[in-house]
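The structure appears below as structure tokens.
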Amino acid sequence: MLKAIILTGAVAVALVIYFTLSLYIFPQSYQSIEPRKPQAIVTDVSLSASDIALGQALTITVTGTNNGEDADMQFVSVGFPNLTTTDNIKILKHDFDQTPILIAPGELLSSEYSDTDSSVLAQYTSIEAFSRPWEAGKTYSADIEVIPKMEGRFVVFIKSVALPHSWELAHYPQDGTLDQQKEFVEIYSVQVTKP
Amino acid sequence: MYGLSRKLFAGYMLVSLGMLLAAAGGSWDITNHLLNKPETFFAPPHAVLYSGVASAVVGTVLVFSASKSAAGKMIWPMKLVIAGVVMLISAAPVDFGWHSAFGLDGLLSPPHFVLVSGMVVGSAGALAGLSQSTKRVPSVLIIIAILPIWLAASGMIDMFSLPFSETEHFNFNPHPTLGVVVATLAFPFLISACLIGSSALAGKRFGVLSMAGAAFIVIGVLTSIIPNSALTSTIPFYISSIIPIVAADALLAFSRSRFSLYAAGAIVGLAFFMLYYPLITYTYNEVFESKVVWPSLIAQIYFEMIQDVLPLVAIPTAAMGILGALFIDRLVRKKKYSITTYSNWHNNTNT
């Protein structure tokens with residue numbers, strides 16, 4: 001009988017300790033840990049020419065870095081607001097951990113650096129080059145070839161976003177023009193002339 | 001041993017070890033997919049998984065050849081082992097083909113289902129074979145044989161509860177509520193059946209159930225927590241789940257009452273939400289939080305939910321834990337009955 005009482009008492013105490021730890025002590029302790037703060041930066045953008053003839057290819061080299069803490073994922077986006085097809089874009093080379101993806105108009109995109117389901121439909125063509133994870137201090141780059149389809153000013157939007165988007169510096173640039181996802185972009189352009 | 005050849009014994013052991021390796025590799029593979037989004041079949045976790053398959057194949061060859069060299073009689077554990085390993089072998093090329101055809105695959109896919117089913121069937125056969133081989137299976141062997149069943153069956157439950165099965169070509173994700181129901185009912189039953197089963201195989205001696213639980217926790221730490229550097233600080237939390245396991249072990253070892261059996265089942269059943277951290281975050285987040293669960297945010301989201309989830313699921317999980325305990329109790333009684341019947345028949349025949 002005494003043995004049973006001791007056993008029951010010991011088990012009860014162990015369970016009280018366990019559920020107190022699991023429900024109160026550990027949750028309080030771990031919830032106070034700050035989320036990581038990655039810092040997305042586009043360190044270099046170069047265009048192969050400032051003027052090209054219609055039908056000629058333009059090569060864009062883009063380099064991104066994470067100057068903050070590890071990101072679960074970070075991408076560098078190159079958008080082409082003058083393009084609505086993907087057949088005239090090629091990724092010449094890249095050193096990202098995953099294969100860059102081409103986004104065609106009509107595809108779903110997240111917006112406003114949001115983690116929830118506030119998606120928008122893509123209106124123009126873009127490329128997302130990403131690494132998952134993107135560790136602190138790492139740099140990746142990609143060479144992209146595009147052939148403009150019309151004469152005039154051919155615009156290129158560049159941005160980088162680190163995820164989870166835990167603070168202001170998780171996106172680059174910090175201000176400027178808003179793109180289709182209501183996210184800031186740097187604008188580059190070339191003049192496309194008659195051949 | 002009841003005249004069981006060393007070859008057969010070694011065969012069952014290799015099958016169990018191989019299935020354990022394969023199941024641990026599978027668990028690591030899930031974490032790798034979450035963290036690194038691998039785009040090729042040739043990933044390190046796949047190497048571990050298929051090394052385990054190779055070991056299981058060697059073990060099955062030994063089992064098969066032992067069955068031939070014996071009286072040509074193939075007992076049902078042998079049949080289970082062979083069926084399980086055939087399923088594993090046939091799943092590998094189909095998995096490779098699936099990757100080649102559809103790129104990144106989800107958790108639930110036809111080849112993965114066959115693979116995990118083969119692991120469950122084969123490891124159950126190996127455990128049955130080992131337990132038939134001797135009156136008392138050594139403690140270490142009990143743990144080696146029970147863990148692959150536990151891990152493989154967990155993988156099967158994961159397939160029908162985790163939202164990891166939507167790919168470009170297919171969406172095999174369960175409905176979020178169904179996923180929660182499956183996890184809430186199946187995991188506690190499984191934990192209870194495996195842990196109380198290990199205790200029963202050891203004749204309820206103290207320590208075996210605790211060691212089986214500790215081994216499960218170590219595998220969880222190695223394959224699901226350490227690869228994700230954001231979670232390493234939560235290892236003390238995860239390890240603390242050894243407390244209810246040891247408590248259940250003590251109840252079963254030091255008390256023979258039916259109440260202790262029920263209490264042990266309920267206690268380990270209640271620990272399911274902690275034992276299946278961190279992956280279970282994804283299942284319950286779908287219903288309770290609806291956030292995007294980035295790998296570095298798993299801990300925050302999990303600990304936001306735990307106070308809401310645990311009280312809500314306490315009764316069903318305790319009930320399923322008791323059911324798991326009763327299931328094992330029924331199996332043990334059936335086994336004892338069949339051994340007694342066999343002994344009586346044997347004695348009568350001899351007289």
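Ordering of the structure tokens sets the chain letters (A, B, ...), residue numbers begin anew at 1 in every chain, and ligands are numbered from 1 in the order given.
Assigned to alpha helix (DSSP H) in chain A, given DSSP computed from backbone atoms, are Leu2, Lys3, Ala4, Ile5, Ile6, Leu7, Thr8, Gly9, Ala10, Val11, Ala12, Val13, Ala14, Leu15, Val16, Ile17, Tyr18, Phe19, Thr20, Phe26, Pro27, Gln28, Ser29, Tyr30 and Gln31 of chain A.
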So that I have them on file, write out the residues from the current selection with N, CA and C atoms, as a PDB file, in the first residue's frame.
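Okay, selection_11.pdb is ready:
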```
ATOM      1  N   LEU A   2       1.896   1.239   0.884  1.00  0.00           N
ATOM      2  CA  LEU A   2       2.815   2.381   0.990  1.00  0.00           C
ATOM      3  C   LEU A   2       3.553   2.576  -0.343  1.00  0.00           C
ATOM      4  N   LYS A   3       3.929   1.418  -0.927  1.00  0.00           N
ATOM      5  CA  LYS A   3       4.639   1.467  -2.217  1.00  0.00           C
ATOM      6  C   LYS A   3       3.767   2.149  -3.282  1.00  0.00           C
ATOM      7  N   ALA A   4       2.484   1.797  -3.267  1.00  0.00           N
ATOM      8  CA  ALA A   4       1.552   2.378  -4.248  1.00  0.00           C
ATOM      9  C   ALA A   4       1.413   3.881  -4.032  1.00  0.00           C
ATOM     10  N   ILE A   5       1.352   4.269  -2.763  1.00  0.00           N
ATOM     11  CA  ILE A   5       1.207   5.707  -2.461  1.00  0.00           C
ATOM     12  C   ILE A   5       2.451   6.474  -2.913  1.00  0.00           C
ATOM     13  N   ILE A   6       3.628   5.900  -2.621  1.00  0.00           N
ATOM     14  CA  ILE A   6       4.876   6.565  -3.029  1.00  0.00           C
ATOM     15  C   ILE A   6       4.945   6.676  -4.555  1.00  0.00           C
ATOM     16  N   LEU A   7       4.591   5.579  -5.227  1.00  0.00           N
ATOM     17  CA  LEU A   7       4.630   5.559  -6.691  1.00  0.00           C
ATOM     18  C   LEU A   7       3.673   6.605  -7.275  1.00  0.00           C
ATOM     19  N   THR A   8       2.445   6.614  -6.775  1.00  0.00           N
ATOM     20  CA  THR A   8       1.450   7.578  -7.267  1.00  0.00           C
ATOM     21  C   THR A   8       1.924   9.008  -7.013  1.00  0.00           C
ATOM     22  N   GLY A   9       2.467   9.232  -5.829  1.00  0.00           N
ATOM     23  CA  GLY A   9       2.953  10.573  -5.478  1.00  0.00           C
ATOM     24  C   GLY A   9       4.090  11.002  -6.383  1.00  0.00           C
ATOM     25  N   ALA A  10       5.033  10.102  -6.620  1.00  0.00           N
ATOM     26  CA  ALA A  10       6.189  10.441  -7.458  1.00  0.00           C
ATOM     27  C   ALA A  10       5.752  10.736  -8.891  1.00  0.00           C
ATOM     28  N   VAL A  11       4.831   9.908  -9.404  1.00  0.00           N
ATOM     29  CA  VAL A  11       4.347  10.116 -10.779  1.00  0.00           C
ATOM     30  C   VAL A  11       3.588  11.447 -10.863  1.00  0.00           C
ATOM     31  N   ALA A  12       2.774  11.722  -9.863  1.00  0.00           N
ATOM     32  CA  ALA A  12       2.004  12.972  -9.871  1.00  0.00           C
ATOM     33  C   ALA A  12       2.931  14.189  -9.836  1.00  0.00           C
ATOM     34  N   VAL A  13       3.938  14.136  -9.005  1.00  0.00           N
ATOM     35  CA  VAL A  13       4.885  15.261  -8.920  1.00  0.00           C
ATOM     36  C   VAL A  13       5.608  15.429 -10.260  1.00  0.00           C
ATOM     37  N   ALA A  14       6.054  14.306 -10.834  1.00  0.00           N
ATOM     38  CA  ALA A  14       6.765  14.364 -12.124  1.00  0.00           C
ATOM     39  C   ALA A  14       5.879  15.007 -13.192  1.00  0.00           C
ATOM     40  N   LEU A  15       4.592  14.625 -13.195  1.00  0.00           N
ATOM     41  CA  LEU A  15       3.690  15.168 -14.222  1.00  0.00           C
ATOM     42  C   LEU A  15       3.398  16.649 -14.004  1.00  0.00           C
ATOM     43  N   VAL A  16       3.265  17.035 -12.752  1.00  0.00           N
ATOM     44  CA  VAL A  16       3.041  18.465 -12.461  1.00  0.00           C
ATOM     45  C   VAL A  16       4.239  19.271 -12.957  1.00  0.00           C
ATOM     46  N   ILE A  17       5.440  18.778 -12.655  1.00  0.00           N
ATOM     47  CA  ILE A  17       6.655  19.480 -13.113  1.00  0.00           C
ATOM     48  C   ILE A  17       6.672  19.542 -14.646  1.00  0.00           C
ATOM     49  N   TYR A  18       6.380  18.410 -15.267  1.00  0.00           N
ATOM     50  CA  TYR A  18       6.449  18.338 -16.728  1.00  0.00           C
ATOM     51  C   TYR A  18       5.468  19.297 -17.396  1.00  0.00           C
ATOM     52  N   PHE A  19       4.208  19.262 -16.952  1.00  0.00           N
ATOM     53  CA  PHE A  19       3.217  20.117 -17.614  1.00  0.00           C
ATOM     54  C   PHE A  19       3.406  21.591 -17.257  1.00  0.00           C
ATOM     55  N   THR A  20       3.966  21.868 -16.088  1.00  0.00           N
ATOM     56  CA  THR A  20       4.283  23.266 -15.760  1.00  0.00           C
ATOM     57  C   THR A  20       5.386  23.769 -16.684  1.00  0.00           C
ATOM     58  N   PHE A  26       8.650  26.927 -20.370  1.00  0.00           N
ATOM     59  CA  PHE A  26       9.296  26.944 -21.688  1.00  0.00           C
ATOM     60  C   PHE A  26       8.612  27.920 -22.661  1.00  0.00           C
ATOM     61  N   PRO A  27       7.282  27.928 -22.757  1.00  0.00           N
ATOM     62  CA  PRO A  27       6.668  28.882 -23.697  1.00  0.00           C
ATOM     63  C   PRO A  27       7.067  30.329 -23.402  1.00  0.00           C
ATOM     64  N   GLN A  28       7.076  30.708 -22.129  1.00  0.00           N
ATOM     65  CA  GLN A  28       7.463  32.092 -21.796  1.00  0.00           C
ATOM     66  C   GLN A  28       8.898  32.365 -22.206  1.00  0.00           C
ATOM     67  N   SER A  29       9.747  31.391 -21.938  1.00  0.00           N
ATOM     68  CA  SER A  29      11.162  31.566 -22.237  1.00  0.00           C
ATOM     69  C   SER A  29      11.407  31.668 -23.746  1.00  0.00           C
ATOM     70  N   TYR A  30      10.780  30.799 -24.524  1.00  0.00           N
ATOM     71  CA  TYR A  30      11.065  30.769 -25.960  1.00  0.00           C
ATOM     72  C   TYR A  30      10.333  31.869 -26.740  1.00  0.00           C
ATOM     73  N   GLN A  31       9.192  32.296 -26.235  1.00  0.00           N
ATOM     74  CA  GLN A  31       8.472  33.346 -26.965  1.00  0.00           C
ATOM     75  C   GLN A  31       9.178  34.696 -26.856  1.00  0.00           C
TER      76      GLN A  31
END
```
List every residue of chain B that has an atom at most 8 Å from any atom of chain A, and for each one report the closest atom pair and its distance in Å to one decimal, counting only C-alpha atoms, with rows sorted by chain and then by increasing residue number, as a tab-separated table.
```
residue	atom	partner	partner_atom	distance
B:Leu35	CA	A:Pro133	CA	6.5
B:Asn36	CA	A:Arg132	CA	5.4
B:Lys37	CA	A:Arg132	CA	6.7
B:Pro38	CA	A:Gln98	CA	7.7
B:Glu39	CA	A:Gln98	CA	7.2
B:Thr234	CA	A:Tyr30	CA	7.5
B:Phe237	CA	A:Phe26	CA	6.5
B:Ser240	CA	A:Tyr18	CA	7.1
B:Ser241	CA	A:Tyr18	CA	7.5
B:Ile243	CA	A:Tyr18	CA	6.5
B:Pro244	CA	A:Leu15	CA	6.3
B:Ala247	CA	A:Val11	CA	5.4
B:Ala248	CA	A:Val11	CA	8.0
B:Ala250	CA	A:Leu7	CA	7.7
B:Leu251	CA	A:Leu7	CA	7.1
B:Phe254	CA	A:Leu7	CA	7.8
B:Ser255	CA	A:Ala4	CA	7.3
B:Met274	CA	A:Ser22	CA	7.9
B:Lys291	CA	A:Thr116	CA	6.4
B:Val292	CA	A:Asp115	CA	5.8
B:Trp294	CA	A:Pro164	CA	6.5
B:Pro295	CA	A:Asp72	CA	6.6
B:Ser296	CA	A:Asp72	CA	6.6
B:Leu297	CA	A:Pro35	CA	7.0
B:Ala299	CA	A:Tyr30	CA	7.1
B:Gln300	CA	A:Gln31	CA	5.4
B:Phe303	CA	A:Pro27	CA	4.9
B:Glu304	CA	A:Pro27	CA	7.3
B:Ile306	CA	A:Leu23	CA	6.7
B:Gln307	CA	A:Leu23	CA	5.8
```
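Among the candidates A:Gln181, A:Ser50, A:Thr84, A:Thr139, the one nearest to Tyr113 in chain A when counting only C-alpha atoms is A:Gln181.
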What's the 7 Å shell around Val121 in chain B, counting only C-alpha atoms, without same-chain residues fewer than 6 positions away, as a PDB file with C-alpha atoms, in the first residue's frame?
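Result written to around32.pdb:
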```pdb
ATOM      1  CA  LEU B  80       6.020  -9.849 -43.524  1.00  0.00           C
ATOM      2  CA  VAL B  81       9.732  -9.027 -43.750  1.00  0.00           C
ATOM      3  CA  GLY B  84       7.957  -5.140 -46.635  1.00  0.00           C
TER       4      GLY B  84
END
```
Contacts of range 7-21 of chain B at 8 Å or less, counting only C-alpha atoms, minus same-chain residues fewer than 6 places along, as a PDB file with C-alpha atoms, in the first residue's frame?
```
ATOM      1  CA  VAL B  48      20.998   7.426 -45.335  1.00  0.00           C
ATOM      2  CA  LEU B  49      17.500   6.231 -46.203  1.00  0.00           C
ATOM      3  CA  SER B  51      21.642   2.664 -46.984  1.00  0.00           C
ATOM      4  CA  GLY B  52      19.012   1.489 -44.526  1.00  0.00           C
ATOM      5  CA  VAL B  53      17.107  -0.120 -47.364  1.00  0.00           C
ATOM      6  CA  ALA B  54      20.316  -1.913 -48.438  1.00  0.00           C
ATOM      7  CA  SER B  55      20.803  -3.253 -44.907  1.00  0.00           C
ATOM      8  CA  ALA B  56      17.185  -4.423 -44.832  1.00  0.00           C
ATOM      9  CA  VAL B  57      17.671  -6.175 -48.166  1.00  0.00           C
ATOM     10  CA  VAL B  58      20.740  -8.054 -46.869  1.00  0.00           C
ATOM     11  CA  GLY B  59      18.760  -8.989 -43.760  1.00  0.00           C
ATOM     12  CA  THR B  60      15.872 -10.247 -45.880  1.00  0.00           C
ATOM     13  CA  VAL B  61      18.206 -12.382 -47.995  1.00  0.00           C
ATOM     14  CA  LEU B  62      19.473 -13.972 -44.757  1.00  0.00           C
ATOM     15  CA  VAL B  63      15.914 -14.530 -43.521  1.00  0.00           C
ATOM     16  CA  ALA B  66      17.395 -19.413 -43.421  1.00  0.00           C
ATOM     17  CA  SER B  67      13.804 -20.289 -44.207  1.00  0.00           C
ATOM     18  CA  VAL B  81       9.732  -9.027 -43.750  1.00  0.00           C
ATOM     19  CA  MET B 119       8.898   0.055 -43.698  1.00  0.00           C
ATOM     20  CA  GLY B 122       8.922  -5.083 -42.754  1.00  0.00           C
ATOM     21  CA  SER B 123       9.839  -3.716 -39.323  1.00  0.00           C
ATOM     22  CA  ALA B 126      11.304  -8.242 -37.923  1.00  0.00           C
ATOM     23  CA  LEU B 127       9.993  -7.448 -34.423  1.00  0.00           C
ATOM     24  CA  GLY B 129      10.437 -12.654 -35.745  1.00  0.00           C
ATOM     25  CA  LEU B 130      12.767 -11.532 -32.980  1.00  0.00           C
ATOM     26  CA  SER B 133      12.894 -16.344 -31.355  1.00  0.00           C
ATOM     27  CA  LEU B 141      17.083  -5.484 -29.383  1.00  0.00           C
ATOM     28  CA  ILE B 144      16.153  -1.461 -32.094  1.00  0.00           C
ATOM     29  CA  ALA B 145      13.114  -3.441 -33.245  1.00  0.00           C
ATOM     30  CA  LEU B 147      11.833   2.157 -33.032  1.00  0.00           C
ATOM     31  CA  PRO B 148      11.529   1.560 -36.788  1.00  0.00           C
ATOM     32  CA  LEU B 151       9.162   6.015 -36.743  1.00  0.00           C
TER      33      LEU B 151
END
```
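When only C-alpha atoms are used to compute distances to Val120 in chain B, the closest of the residues B:Ser139, B:Trp98, B:Leu88, B:His175 turns out to be B:Leu88.
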Practice task
Would you mind writing down, as an NGL selection string, each residue of range 8-182 of chain A that DSSP on the backbone assigns to strand (DSSP E or B)?
Solution key: :A and (40-47 or 51-53 or 58-66 or 71 or 73-80 or 89-94 or 101-103 or 108-110 or 119-121 or 125-131 or 134 or 139-146 or 152-163 or 171-172 or 177-178)
Do you know which residues are at most 10 Å from range 143-155 of chain A counting only C-alpha atoms, after dropping those on the same chain fewer than 6 positions away, and could you put them as a PDB file with C-alpha atoms, in the first residue's frame?
```pdb
ATOM      1  CA  VAL A  45      23.510  45.754 -60.913  1.00  0.00           C
ATOM      2  CA  SER A  46      25.096  46.090 -64.325  1.00  0.00           C
ATOM      3  CA  LEU A  47      23.510  46.309 -67.752  1.00  0.00           C
ATOM      4  CA  SER A  48      25.517  45.286 -70.815  1.00  0.00           C
ATOM      5  CA  ASP A  51      21.354  51.694 -75.767  1.00  0.00           C
ATOM      6  CA  ILE A  52      20.531  48.632 -77.824  1.00  0.00           C
ATOM      7  CA  ALA A  53      18.946  48.005 -81.176  1.00  0.00           C
ATOM      8  CA  LEU A  54      15.589  46.220 -81.336  1.00  0.00           C
ATOM      9  CA  GLY A  55      16.212  42.487 -81.570  1.00  0.00           C
ATOM     10  CA  GLN A  56      19.508  42.710 -79.677  1.00  0.00           C
ATOM     11  CA  ALA A  57      19.950  41.025 -76.330  1.00  0.00           C
ATOM     12  CA  LEU A  58      20.504  42.905 -73.113  1.00  0.00           C
ATOM     13  CA  THR A  59      22.452  41.177 -70.340  1.00  0.00           C
ATOM     14  CA  ILE A  60      21.709  42.122 -66.745  1.00  0.00           C
ATOM     15  CA  THR A  61      24.056  41.050 -63.969  1.00  0.00           C
ATOM     16  CA  VAL A  62      22.584  41.309 -60.498  1.00  0.00           C
ATOM     17  CA  THR A  63      24.271  40.535 -57.179  1.00  0.00           C
ATOM     18  CA  VAL A  78      14.283  41.295 -61.650  1.00  0.00           C
ATOM     19  CA  GLY A  79      11.055  42.619 -63.155  1.00  0.00           C
ATOM     20  CA  PHE A  80      10.319  43.672 -66.721  1.00  0.00           C
ATOM     21  CA  PRO A  81       7.226  45.915 -66.737  1.00  0.00           C
ATOM     22  CA  ASN A  82       7.416  46.183 -70.564  1.00  0.00           C
ATOM     23  CA  LEU A  83       7.183  42.420 -71.022  1.00  0.00           C
ATOM     24  CA  THR A  84       4.202  40.102 -70.813  1.00  0.00           C
ATOM     25  CA  THR A  85       5.863  36.919 -72.114  1.00  0.00           C
ATOM     26  CA  THR A  86       8.732  34.785 -70.845  1.00  0.00           C
ATOM     27  CA  ASP A  87       9.999  33.377 -74.157  1.00  0.00           C
ATOM     28  CA  ASN A  88      12.576  36.135 -74.677  1.00  0.00           C
ATOM     29  CA  ILE A  89      14.264  35.774 -71.264  1.00  0.00           C
ATOM     30  CA  LYS A  90      17.162  33.445 -70.477  1.00  0.00           C
ATOM     31  CA  ILE A  91      19.156  32.854 -67.300  1.00  0.00           C
ATOM     32  CA  LEU A  92      22.710  32.658 -68.643  1.00  0.00           C
ATOM     33  CA  LYS A  93      24.321  31.647 -65.352  1.00  0.00           C
ATOM     34  CA  HIS A  94      23.764  31.888 -61.629  1.00  0.00           C
ATOM     35  CA  ASP A  95      25.194  30.627 -58.341  1.00  0.00           C
ATOM     36  CA  ILE A 127      12.510  36.486 -62.482  1.00  0.00           C
ATOM     37  CA  ILE A 187      14.641  51.291 -61.569  1.00  0.00           C
ATOM     38  CA  TYR A 188      17.119  50.772 -64.409  1.00  0.00           C
ATOM     39  CA  SER A 189      16.480  51.306 -68.093  1.00  0.00           C
ATOM     40  CA  VAL A 190      17.966  51.120 -71.584  1.00  0.00           C
ATOM     41  CA  GLN A 191      16.929  52.833 -74.764  1.00  0.00           C
ATOM     42  CA  VAL A 192      15.800  50.457 -77.495  1.00  0.00           C
ATOM     43  CA  THR A 193      16.241  51.926 -80.936  1.00  0.00           C
ATOM     44  CA  LYS A 194      15.453  50.897 -84.516  1.00  0.00           C
ATOM     45  CA  PRO A 195      18.011  48.401 -85.878  1.00  0.00           C
TER      46      PRO A 195
END
```
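Residue nearest Ser111 in chain A, chosen from A:Tyr124, A:Ala49, A:Lys182, A:Val161 and counting only C-alpha atoms: A:Lys182.
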Fill in the blank from the handout: The distance between CA of Ser198 in chain B and CA of Ala325 in chain B is 11.1 Å
